[in-house]
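input.txt (compact mmCIF, C-alpha atoms) appears below.
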# COMPACT_ATOMS: atom_id res chain seq x y z
CA MET A 22 -15.41 -12.93 -56.73
CA GLU A 23 -15.19 -15.30 -53.76
CA PHE A 24 -16.14 -18.93 -54.42
CA ILE A 25 -15.58 -22.51 -53.25
CA ALA A 26 -13.96 -25.15 -55.49
CA ASP A 27 -13.54 -28.92 -55.22
CA PHE A 28 -11.32 -30.31 -57.97
CA HIS A 29 -10.87 -34.01 -57.18
CA LEU A 30 -13.76 -36.47 -57.40
CA HIS A 31 -14.82 -39.51 -59.43
CA SER A 32 -17.52 -40.37 -61.94
CA LYS A 33 -19.79 -43.40 -62.06
CA TYR A 34 -17.13 -45.05 -64.24
CA SER A 35 -14.66 -45.36 -61.35
CA ARG A 36 -14.52 -48.48 -59.20
CA ALA A 37 -16.38 -48.44 -55.87
CA THR A 38 -18.25 -45.31 -56.92
CA SER A 39 -21.96 -44.50 -56.79
CA GLN A 40 -23.90 -44.75 -60.04
CA LYS A 41 -25.36 -41.37 -59.06
CA MET A 42 -22.02 -39.74 -59.87
CA ASP A 43 -23.27 -38.25 -63.12
CA LEU A 44 -23.14 -34.63 -64.26
CA GLU A 45 -26.73 -33.88 -63.32
CA ASN A 46 -26.33 -35.11 -59.74
CA LEU A 47 -22.97 -33.39 -59.39
CA ASP A 48 -24.57 -30.14 -60.48
CA LYS A 49 -27.44 -30.65 -58.02
CA TRP A 50 -25.17 -31.41 -55.08
CA ALA A 51 -22.79 -28.55 -55.88
CA LYS A 52 -25.74 -26.18 -55.26
CA ILE A 53 -26.69 -27.98 -52.03
CA LYS A 54 -23.12 -27.80 -50.76
CA GLY A 55 -22.38 -24.26 -51.92
CA ILE A 56 -19.64 -25.17 -54.40
CA LEU A 57 -19.30 -23.01 -57.51
CA VAL A 58 -16.40 -24.77 -59.30
CA LEU A 59 -16.42 -28.56 -59.39
CA GLY A 60 -13.99 -30.97 -61.02
CA THR A 61 -15.44 -33.35 -63.58
CA GLY A 62 -13.08 -36.14 -62.54
CA ASP A 63 -12.23 -39.06 -64.82
CA PHE A 64 -11.79 -37.26 -68.16
CA THR A 65 -9.42 -40.09 -69.12
CA HIS A 66 -12.39 -42.48 -69.36
CA PRO A 67 -13.74 -42.50 -72.96
CA LEU A 68 -17.41 -42.88 -72.00
CA TRP A 69 -17.23 -40.17 -69.33
CA LEU A 70 -15.46 -37.79 -71.70
CA LYS A 71 -18.21 -38.51 -74.24
CA GLU A 72 -20.81 -37.47 -71.65
CA ILE A 73 -18.80 -34.35 -70.84
CA LYS A 74 -18.81 -33.39 -74.53
CA GLU A 75 -22.52 -34.11 -74.93
CA LYS A 76 -23.83 -32.54 -71.73
CA LEU A 77 -21.52 -29.58 -70.99
CA GLU A 78 -20.95 -26.33 -72.83
CA PRO A 79 -18.15 -23.73 -72.46
CA THR A 80 -18.73 -20.67 -70.28
CA GLU A 81 -15.85 -18.63 -68.86
CA PRO A 82 -12.36 -19.50 -70.21
CA GLY A 83 -11.64 -23.18 -69.48
CA LEU A 84 -14.88 -23.73 -67.53
CA PHE A 85 -18.17 -25.43 -68.45
CA LYS A 86 -21.80 -25.77 -67.35
CA LEU A 87 -24.71 -28.09 -68.07
CA LYS A 88 -26.29 -27.40 -71.46
CA ASN A 89 -29.80 -25.91 -71.49
CA SER A 90 -29.48 -25.04 -67.81
CA ASP A 91 -29.47 -21.80 -65.84
CA SER A 92 -27.27 -23.44 -63.19
CA ASN A 93 -24.40 -21.43 -61.75
CA THR A 94 -22.24 -24.53 -61.24
CA ARG A 95 -19.04 -24.44 -63.25
CA PHE A 96 -17.14 -27.61 -64.15
CA ILE A 97 -13.37 -27.76 -64.54
CA LEU A 98 -11.81 -30.68 -66.44
CA THR A 99 -9.86 -32.93 -64.07
CA THR A 100 -8.88 -36.56 -63.69
CA GLU A 101 -6.83 -38.77 -61.37
CA VAL A 102 -4.40 -41.38 -62.67
CA SER A 103 -2.47 -44.09 -60.85
CA CYS A 104 1.17 -44.51 -61.95
CA VAL A 105 2.49 -47.95 -60.96
CA TYR A 106 6.15 -48.61 -61.76
CA PHE A 107 9.52 -49.64 -60.34
CA LYS A 108 12.16 -47.09 -59.42
CA GLU A 109 15.32 -47.57 -57.39
CA GLY A 110 14.42 -51.23 -56.78
CA LYS A 111 11.02 -50.49 -55.26
CA GLN A 112 7.50 -50.59 -56.65
CA ARG A 113 5.95 -47.12 -56.70
CA LYS A 114 2.23 -46.31 -56.74
CA ILE A 115 1.68 -42.61 -57.20
CA HIS A 116 -1.72 -40.97 -57.73
CA LEU A 117 -1.77 -37.69 -59.63
CA ILE A 118 -4.53 -35.17 -60.40
CA ILE A 119 -4.45 -33.59 -63.86
CA PHE A 120 -6.17 -30.29 -64.72
CA SER A 121 -6.95 -29.50 -68.37
CA PRO A 122 -8.25 -26.27 -69.95
CA SER A 123 -10.14 -27.88 -72.87
CA VAL A 124 -11.80 -31.05 -74.12
CA GLU A 125 -9.45 -31.05 -77.12
CA ILE A 126 -6.43 -31.18 -74.84
CA CYS A 127 -8.06 -34.03 -72.86
CA GLU A 128 -8.54 -36.00 -76.06
CA LYS A 129 -4.98 -35.42 -77.19
CA MET A 130 -3.65 -36.43 -73.78
CA ASN A 131 -5.76 -39.60 -73.73
CA ASN A 132 -4.27 -40.66 -77.07
CA TYR A 133 -0.85 -40.76 -75.38
CA LEU A 134 -1.94 -42.22 -72.05
CA LYS A 135 -3.82 -45.16 -73.61
CA LEU A 136 -0.43 -46.50 -74.68
CA TYR A 137 0.40 -47.15 -71.01
CA GLY A 138 -2.84 -48.63 -69.69
CA ASN A 139 -6.47 -49.45 -70.37
CA LEU A 140 -8.36 -46.17 -70.00
CA GLU A 141 -11.70 -47.96 -70.28
CA ALA A 142 -11.06 -50.24 -67.28
CA ASP A 143 -11.47 -47.60 -64.59
CA GLY A 144 -12.28 -43.90 -64.24
CA ARG A 145 -8.97 -43.64 -62.41
CA PRO A 146 -6.77 -45.61 -64.82
CA THR A 147 -3.67 -47.53 -63.77
CA LEU A 148 -0.73 -46.62 -65.99
CA ASN A 149 2.60 -48.44 -66.28
CA LEU A 150 4.35 -45.11 -66.32
CA ASP A 151 6.89 -43.25 -64.17
CA ALA A 152 5.28 -40.22 -62.49
CA LYS A 153 7.96 -37.99 -63.99
CA GLU A 154 7.20 -39.35 -67.47
CA LEU A 155 3.50 -38.75 -66.92
CA LEU A 156 4.26 -35.14 -66.05
CA LYS A 157 6.39 -34.78 -69.18
CA ILE A 158 3.62 -36.18 -71.39
CA VAL A 159 1.00 -33.85 -69.91
CA LEU A 160 3.16 -30.73 -70.28
CA ASN A 161 4.14 -31.69 -73.82
CA VAL A 162 0.44 -31.81 -74.69
CA SER A 163 -0.16 -28.41 -73.10
CA GLU A 164 1.80 -26.22 -70.71
CA GLU A 165 -1.57 -24.88 -69.52
CA CYS A 166 -2.22 -28.21 -67.77
CA LEU A 167 -1.49 -28.64 -64.07
CA VAL A 168 -0.36 -31.88 -62.41
CA VAL A 169 -0.86 -32.19 -58.64
CA PRO A 170 0.23 -35.20 -56.53
CA ALA A 171 -2.94 -36.54 -54.89
CA HIS A 172 -3.47 -37.19 -51.14
CA ILE A 173 0.30 -36.96 -50.75
CA TRP A 174 0.67 -38.87 -47.44
CA THR A 175 -1.60 -41.92 -47.76
CA PRO A 176 0.38 -45.17 -47.29
CA TRP A 177 -0.30 -47.06 -50.50
CA PHE A 178 -0.81 -44.63 -53.37
CA SER A 179 0.96 -41.31 -52.89
CA LEU A 180 4.07 -39.21 -53.24
CA PHE A 181 5.16 -39.66 -49.60
CA GLY A 182 3.30 -42.92 -48.90
CA SER A 183 5.00 -45.18 -46.37
CA ARG A 184 4.47 -48.27 -48.57
CA SER A 185 5.24 -47.03 -52.08
CA GLY A 186 6.29 -43.39 -52.06
CA PHE A 187 9.39 -41.21 -51.91
CA ASP A 188 11.02 -39.02 -49.27
CA SER A 189 10.99 -35.88 -51.41
CA ILE A 190 9.39 -34.29 -54.47
CA GLU A 191 12.81 -34.27 -56.14
CA GLU A 192 13.33 -38.00 -55.63
CA CYS A 193 10.11 -38.65 -57.53
CA PHE A 194 10.12 -36.00 -60.27
CA GLU A 195 13.86 -35.22 -60.52
CA ASP A 196 14.52 -32.29 -62.90
CA TYR A 197 10.78 -31.92 -63.50
CA SER A 198 10.14 -31.08 -59.83
CA LYS A 199 10.04 -27.40 -60.77
CA TYR A 200 6.73 -28.12 -62.54
CA ILE A 201 5.09 -29.42 -59.36
CA PHE A 202 3.37 -26.35 -57.97
CA ALA A 203 0.92 -27.96 -55.55
CA GLY A 204 0.10 -31.04 -53.48
CA GLU A 205 -3.22 -32.33 -52.16
CA THR A 206 -3.33 -32.77 -48.38
CA GLY A 207 -5.77 -35.70 -48.48
CA LEU A 208 -8.34 -36.55 -45.82
CA SER A 209 -5.75 -37.90 -43.35
CA SER A 210 -3.54 -34.80 -43.21
CA ASN A 211 -4.10 -31.07 -42.90
CA PRO A 212 -1.88 -28.07 -43.74
CA ALA A 213 -0.52 -27.83 -40.18
CA MET A 214 0.97 -31.32 -40.52
CA ASN A 215 2.46 -30.44 -43.91
CA TRP A 216 3.97 -27.21 -42.57
CA ARG A 217 6.33 -29.33 -40.48
CA LEU A 218 8.22 -30.24 -43.68
CA SER A 219 10.20 -27.22 -44.90
CA ALA A 220 10.66 -28.77 -48.35
CA LEU A 221 6.92 -28.21 -48.96
CA ASP A 222 7.06 -24.46 -48.36
CA ARG A 223 7.46 -23.72 -52.06
CA ILE A 224 4.31 -25.57 -53.14
CA THR A 225 0.64 -24.72 -52.57
CA LEU A 226 -1.48 -27.10 -50.51
CA ILE A 227 -4.91 -27.78 -51.97
CA SER A 228 -7.72 -29.81 -50.41
CA CYS A 229 -10.38 -31.78 -52.26
CA SER A 230 -13.04 -34.33 -51.42
CA ASP A 231 -11.94 -37.30 -53.58
CA ALA A 232 -15.68 -38.02 -53.48
CA HIS A 233 -17.12 -41.34 -54.67
CA SER A 234 -20.75 -40.31 -54.01
CA PRO A 235 -22.54 -36.98 -54.56
CA SER A 236 -23.19 -36.20 -50.89
CA HIS A 237 -19.44 -36.36 -50.15
CA ILE A 238 -18.38 -33.61 -52.54
CA GLY A 239 -16.96 -30.62 -50.69
CA ARG A 240 -15.93 -32.54 -47.57
CA GLU A 241 -12.64 -30.84 -48.36
CA ALA A 242 -12.46 -27.79 -50.62
CA ASN A 243 -10.68 -24.56 -51.56
CA VAL A 244 -11.83 -20.94 -51.26
CA PHE A 245 -10.74 -18.45 -53.91
CA ASP A 246 -11.28 -14.76 -54.56
CA CYS A 247 -10.30 -14.37 -58.18
CA GLU A 248 -11.71 -14.08 -61.67
CA LEU A 249 -13.85 -17.04 -62.59
CA SER A 250 -11.73 -18.88 -65.17
CA TYR A 251 -9.55 -21.97 -65.43
CA PHE A 252 -6.48 -19.86 -66.05
CA GLU A 253 -6.95 -17.54 -63.08
CA ILE A 254 -7.63 -20.45 -60.72
CA VAL A 255 -4.51 -22.31 -61.88
CA LYS A 256 -2.48 -19.10 -61.68
CA ALA A 257 -3.59 -18.51 -58.08
CA ILE A 258 -2.52 -22.06 -57.22
CA LYS A 259 0.81 -21.88 -59.05
CA GLU A 260 1.72 -18.51 -57.52
CA LYS A 261 0.45 -19.41 -54.03
CA ASP A 262 -1.28 -16.05 -54.05
CA ARG A 263 -2.83 -15.46 -50.62
CA ARG A 264 -4.92 -12.57 -51.96
CA LYS A 265 -6.62 -14.89 -54.46
CA PHE A 266 -6.39 -18.28 -52.71
CA LEU A 267 -7.96 -17.45 -49.35
CA TYR A 268 -8.02 -20.73 -47.42
CA THR A 269 -8.73 -24.45 -47.60
CA ILE A 270 -11.56 -26.33 -45.93
CA GLU A 271 -10.31 -29.48 -44.20
CA PHE A 272 -11.57 -32.71 -42.73
CA TYR A 273 -10.28 -33.21 -39.21
CA PRO A 274 -7.31 -35.37 -40.31
CA GLU A 275 -7.94 -37.86 -37.52
CA GLU A 276 -11.19 -38.72 -39.31
CA GLY A 277 -9.24 -39.84 -42.39
CA LYS A 278 -8.80 -43.59 -42.77
CA TYR A 279 -4.99 -43.57 -42.70
CA HIS A 280 -4.18 -41.15 -39.87
CA TYR A 281 -2.87 -43.61 -37.26
CA ASP A 282 -0.85 -46.81 -37.78
CA GLY A 283 -2.44 -50.21 -37.40
CA HIS A 284 -4.01 -53.37 -38.74
CA ARG A 285 -7.70 -53.31 -39.60
CA ASN A 286 -8.11 -57.11 -39.49
CA CYS A 287 -6.41 -57.31 -36.10
CA GLY A 288 -8.25 -54.34 -34.61
CA VAL A 289 -4.91 -52.68 -33.79
CA SER A 290 -4.69 -48.87 -33.89
CA PHE A 291 -1.49 -47.16 -32.71
CA SER A 292 -0.16 -43.65 -32.32
CA PRO A 293 3.40 -43.08 -33.62
CA LYS A 294 4.70 -43.48 -30.06
CA GLU A 295 2.96 -46.84 -29.63
CA THR A 296 4.23 -48.01 -33.03
CA LYS A 297 7.81 -47.31 -31.94
CA LYS A 298 7.20 -49.27 -28.74
CA TYR A 299 6.33 -52.33 -30.86
CA ASN A 300 9.03 -51.63 -33.47
CA GLY A 301 6.38 -51.30 -36.18
CA ILE A 302 5.19 -54.90 -35.72
CA CYS A 303 1.57 -55.88 -35.05
CA PRO A 304 1.36 -57.57 -31.62
CA VAL A 305 -1.56 -59.71 -32.84
CA CYS A 306 -0.32 -61.22 -36.11
CA GLY A 307 3.41 -60.41 -35.99
CA LYS A 308 3.43 -58.69 -39.40
CA PRO A 309 4.52 -55.08 -40.15
CA LEU A 310 1.88 -52.47 -39.33
CA THR A 311 0.43 -50.20 -42.01
CA ILE A 312 2.21 -46.95 -41.19
CA GLY A 313 -0.23 -44.06 -41.38
CA VAL A 314 0.08 -40.40 -42.21
CA LEU A 315 0.95 -39.06 -38.76
CA SER A 316 3.93 -41.41 -38.35
CA ARG A 317 5.11 -40.69 -41.88
CA VAL A 318 5.00 -36.95 -41.24
CA GLU A 319 6.99 -37.52 -38.04
CA GLN A 320 9.62 -39.44 -40.06
CA LEU A 321 10.17 -36.64 -42.59
CA ALA A 322 9.45 -33.53 -40.49
CA ASP A 323 12.23 -31.07 -39.81
CA ARG A 324 10.07 -28.69 -37.74
CA PRO A 325 8.11 -28.98 -34.49
CA GLU A 326 4.34 -29.18 -34.23
CA GLY A 327 2.72 -25.76 -34.44
CA PHE A 328 5.21 -24.20 -36.86
CA VAL A 329 3.53 -21.88 -39.39
CA PRO A 330 5.51 -20.77 -42.49
CA GLU A 331 5.32 -17.10 -43.42
CA ASN A 332 3.57 -17.64 -46.75
CA ALA A 333 1.18 -20.35 -45.58
CA ILE A 334 -2.39 -20.32 -46.89
CA PRO A 335 -4.74 -20.68 -43.88
CA PHE A 336 -7.28 -23.43 -43.35
CA LYS A 337 -10.53 -24.14 -41.50
CA SER A 338 -11.48 -27.56 -40.14
CA LEU A 339 -15.11 -28.57 -40.56
CA ILE A 340 -17.36 -31.59 -40.06
CA PRO A 341 -19.98 -32.44 -42.71
CA LEU A 342 -23.39 -31.12 -41.68
CA GLU A 343 -25.11 -34.51 -41.81
CA GLU A 344 -22.55 -35.91 -39.34
CA ILE A 345 -23.15 -33.00 -36.95
CA ILE A 346 -26.92 -33.49 -37.09
CA ALA A 347 -26.58 -37.26 -36.62
CA ASP A 348 -24.39 -36.77 -33.53
CA ALA A 349 -26.77 -34.18 -32.07
CA LEU A 350 -29.74 -36.49 -32.56
CA GLY A 351 -27.90 -39.64 -31.51
CA GLN A 352 -28.79 -41.27 -34.85
CA ASN A 353 -27.02 -42.67 -37.89
CA VAL A 354 -26.34 -40.36 -40.84
CA GLU A 355 -28.68 -42.30 -43.16
CA THR A 356 -31.81 -41.92 -40.99
CA VAL A 357 -34.98 -40.05 -41.96
CA GLY A 358 -34.62 -37.69 -39.01
CA VAL A 359 -31.15 -36.56 -40.06
CA GLU A 360 -32.27 -36.09 -43.66
CA LYS A 361 -35.25 -33.99 -42.53
CA GLU A 362 -33.13 -31.63 -40.41
CA TYR A 363 -30.48 -31.40 -43.15
CA LYS A 364 -33.04 -30.41 -45.79
CA ASN A 365 -34.58 -27.89 -43.41
CA LEU A 366 -31.26 -26.12 -42.83
CA ILE A 367 -30.37 -26.09 -46.53
CA GLU A 368 -33.81 -24.68 -47.37
CA LYS A 369 -33.49 -21.91 -44.78
CA PHE A 370 -29.83 -20.94 -45.40
CA GLU A 371 -29.20 -21.76 -49.11
CA ASN A 372 -26.34 -24.26 -48.81
CA GLU A 373 -24.26 -26.39 -46.44
CA PHE A 374 -21.12 -24.25 -46.40
CA ASN A 375 -23.15 -21.20 -45.43
CA VAL A 376 -24.56 -23.16 -42.48
CA LEU A 377 -21.16 -24.51 -41.42
CA LEU A 378 -19.19 -21.29 -41.84
CA ASN A 379 -21.43 -18.25 -41.48
CA VAL A 380 -24.89 -18.58 -39.91
CA SER A 381 -25.07 -17.24 -36.34
CA ARG A 382 -26.13 -19.30 -33.34
CA SER A 383 -29.30 -17.25 -32.89
CA ASP A 384 -30.32 -17.70 -36.52
CA LEU A 385 -29.65 -21.43 -36.26
CA GLU A 386 -31.65 -21.78 -33.06
CA ALA A 387 -34.58 -19.99 -34.70
CA VAL A 388 -35.03 -22.77 -37.28
CA THR A 389 -33.58 -25.99 -35.83
CA LEU A 390 -33.20 -27.90 -32.58
CA PRO A 391 -30.94 -26.23 -29.99
CA GLU A 392 -28.64 -29.27 -29.78
CA ILE A 393 -28.09 -29.13 -33.57
CA ALA A 394 -27.27 -25.42 -33.35
CA GLU A 395 -24.89 -26.17 -30.49
CA GLY A 396 -23.25 -28.93 -32.52
CA ILE A 397 -22.67 -26.66 -35.53
CA ILE A 398 -21.08 -23.96 -33.36
CA ARG A 399 -18.87 -26.48 -31.52
CA ALA A 400 -17.71 -28.01 -34.81
CA ARG A 401 -16.91 -24.51 -36.10
CA GLU A 402 -14.85 -23.83 -32.97
CA GLY A 403 -13.03 -27.19 -33.04
CA LYS A 404 -14.55 -28.43 -29.79
CA VAL A 405 -14.66 -32.10 -30.75
CA PHE A 406 -13.64 -35.56 -29.55
CA ILE A 407 -11.76 -37.69 -32.08
CA GLU A 408 -10.98 -41.39 -32.44
CA PRO A 409 -8.34 -41.55 -35.20
CA GLY A 410 -8.75 -43.67 -38.33
CA TYR A 411 -6.19 -46.33 -39.29
CA ASP A 412 -5.41 -48.88 -42.05
CA GLY A 413 -8.47 -48.07 -44.17
CA VAL A 414 -10.89 -47.50 -41.26
CA TYR A 415 -12.37 -43.99 -41.05
CA GLY A 416 -11.91 -42.19 -37.74
CA LYS A 417 -14.84 -41.05 -35.61
CA VAL A 418 -15.35 -37.41 -34.73
CA LYS A 419 -17.84 -36.80 -31.93
CA ILE A 420 -19.16 -33.45 -30.79
CA PHE A 421 -21.17 -34.64 -27.82
CA GLN A 422 -20.32 -37.15 -25.15
CA LYS A 423 -22.94 -39.87 -24.68
CA GLY A 424 -26.19 -38.43 -23.33
CA GLU A 425 -24.75 -34.93 -23.16
CA GLN A 426 -26.87 -33.42 -25.95
CA LYS A 427 -29.73 -32.48 -23.65
CA ASP A 428 -27.84 -31.89 -20.40
CA VAL A 429 -25.31 -29.50 -21.88
CA LEU A 430 -28.05 -27.13 -22.96
CA LYS A 431 -29.27 -26.82 -19.38
CA GLN A 432 -25.82 -26.53 -17.79
CA GLY A 433 -24.01 -24.43 -20.37
CA THR A 434 -21.09 -25.76 -22.38
CA LEU A 435 -18.73 -28.25 -20.78
CA PHE A 436 -15.73 -26.77 -22.59

Can the structure from this file be put into structure tokens for me?
Amino acid sequence: MEFIADFHLHSKYSRATSQKMDLENLDKWAKIKGILVLGTGDFTHPLWLKEIKEKLEPTEPGLFKLKNSDSNTRFILTTEVSCVYFKEGKQRKIHLIIFSPSVEICEKMNNYLKLYGNLEADGRPTLNLDAKELLKIVLNVSEECLVVPAHIWTPWFSLFGSRSGFDSIEECFEDYSKYIFAGETGLSSNPAMNWRLSALDRITLISCSDAHSPSHIGREANVFDCELSYFEIVKAIKEKDRRKFLYTIEFYPEEGKYHYDGHRNCGVSFSPKETKKYNGICPVCGKPLTIGVLSRVEQLADRPEGFVPENAIPFKSLIPLEEIIADALGQNVETVGVEKEYKNLIEKFENEFNVLLNVSRSDLEAVTLPEIAEGIIRAREGKVFIEPGYDGVYGKVKIFQKGEQKDVLKQGTLF
């Protein structure tokens, strides 16, 4: 069966996360978005794992649903941990996603991990532990677990991060590299950028939301056509099976908050070419720039832009529906008008992904404003204007130029 999955998100026990990130709201928003399989996040946190045990019940192998509910949403046990340690004379900060097939395995794993950090302090715990050693611990608990480096290009906390990462999988995980089957693209990179590095050809690229609030789940996701079970999903990822792992759904990477280089406090945002011009130094404060994902990819790439490996899993770039509606109406996302149009489209067409991916222009125009229908089609076709994010500042993706929403409908498309 074909379904959409988002594995990486956080609970209300993580820092800077909405208190609405509980199992009931996650279930509700999974239906709104059109997600069938959703990560629990944060199973390393004792109180969150307690809620998981109390509120979820097993369904298909390795999957769970809300107790006393007829909901179709399936939960898969996941967490993210932050490994902070020194290696080769440099401090490393590597974030890793862990998949587990059972609560019992989570509990056993937590008994080991609590020796390296306070699991109660944060839903995404900080562990004084080498990433390789973390991988060893997880696999010793259960070989059915899967460890995936998270948002692999972000500057501060990732496998290839410019500030604390490595130049290769092997440099980080050494002889355990063979157990790294996948990497998460993160919001600031997409598969096309990763395809420029031949060393990544052997792993599968997954995409997840890393959501800190319910409405953000599914902003990146994965589309499978396989049996609904933990083991079949993990197998499809490990084997990079294009028949079962159909494609990923991606943010436009420019919208991610670490795409370009720059300094947030100085208001400096540079492309890789501009960064080279200034030798990586901020012209405002004279300190080193935060080197973003695009420059880091350029540093490590051994292929030109546009290269597509033979076994690559395809991807589709989308913009969240609320952002499209807001741009079409010339309003902020949080306004009543945007919420009204969003609810209308979900009510008419079941869920957000159906609207973004499948509904025809004519069907859209029959139930919503023509400029909103136009915006959805343009976003689907990649006809967008983008101001890249940098140094923790999200980028801005615009579909319409200022004042164009009405005029374009009279004149025909400007593209």

**Request:** Have a look at A:Glu319, A:Gly55, A:Lys404, A:Leu30 and name the one nearest to A:Val376; count all atoms listed in the file.
**Result:** A:Gly55

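Using all atoms listed in the file, the smallest distance between any of A:Ile398, A:Val169, A:Ile420, A:Ile334 and A:Ala349 comes from A:Ile420.
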
**Asked** Which residues, written as a ChimeraX atom specification, have at least one atom at most 8 Å from A:Lys86, with only C-alpha atoms counted and residues fewer than 6 positions away on the same chain left out?
**Response** /A:77-80,92-96

**Request:** Rank A:Asn149, A:Asn332, A:Asn372, A:Ser185 by their smallest atom-to-atom distance to A:Leu226, using all atoms listed in the file, and report the top residue only.
**Result:** A:Asn332

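For the pair atom CA of A:Cys193 and atom CA of A:Lys153, the interatomic distance is 6.8 Å.
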
**Item:** Contact residues around A:Leu70 with all atoms listed in the file at 12 Å, ignoring same-chain residues under 3 positions, as a ChimeraX atom specification
**Value:** /A:32-34,43-44,61-67,73-77,98-100,123-128,131,140-141,144

**Asked** Closest to A:Lys278 among A:Leu59, A:Ile258, A:Leu208, A:Leu148, using only C-alpha atoms?
**Response** A:Leu208

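Atom to atom, atom CA of A:Lys54 and atom CA of A:Phe374 stand 6.0 Å apart.
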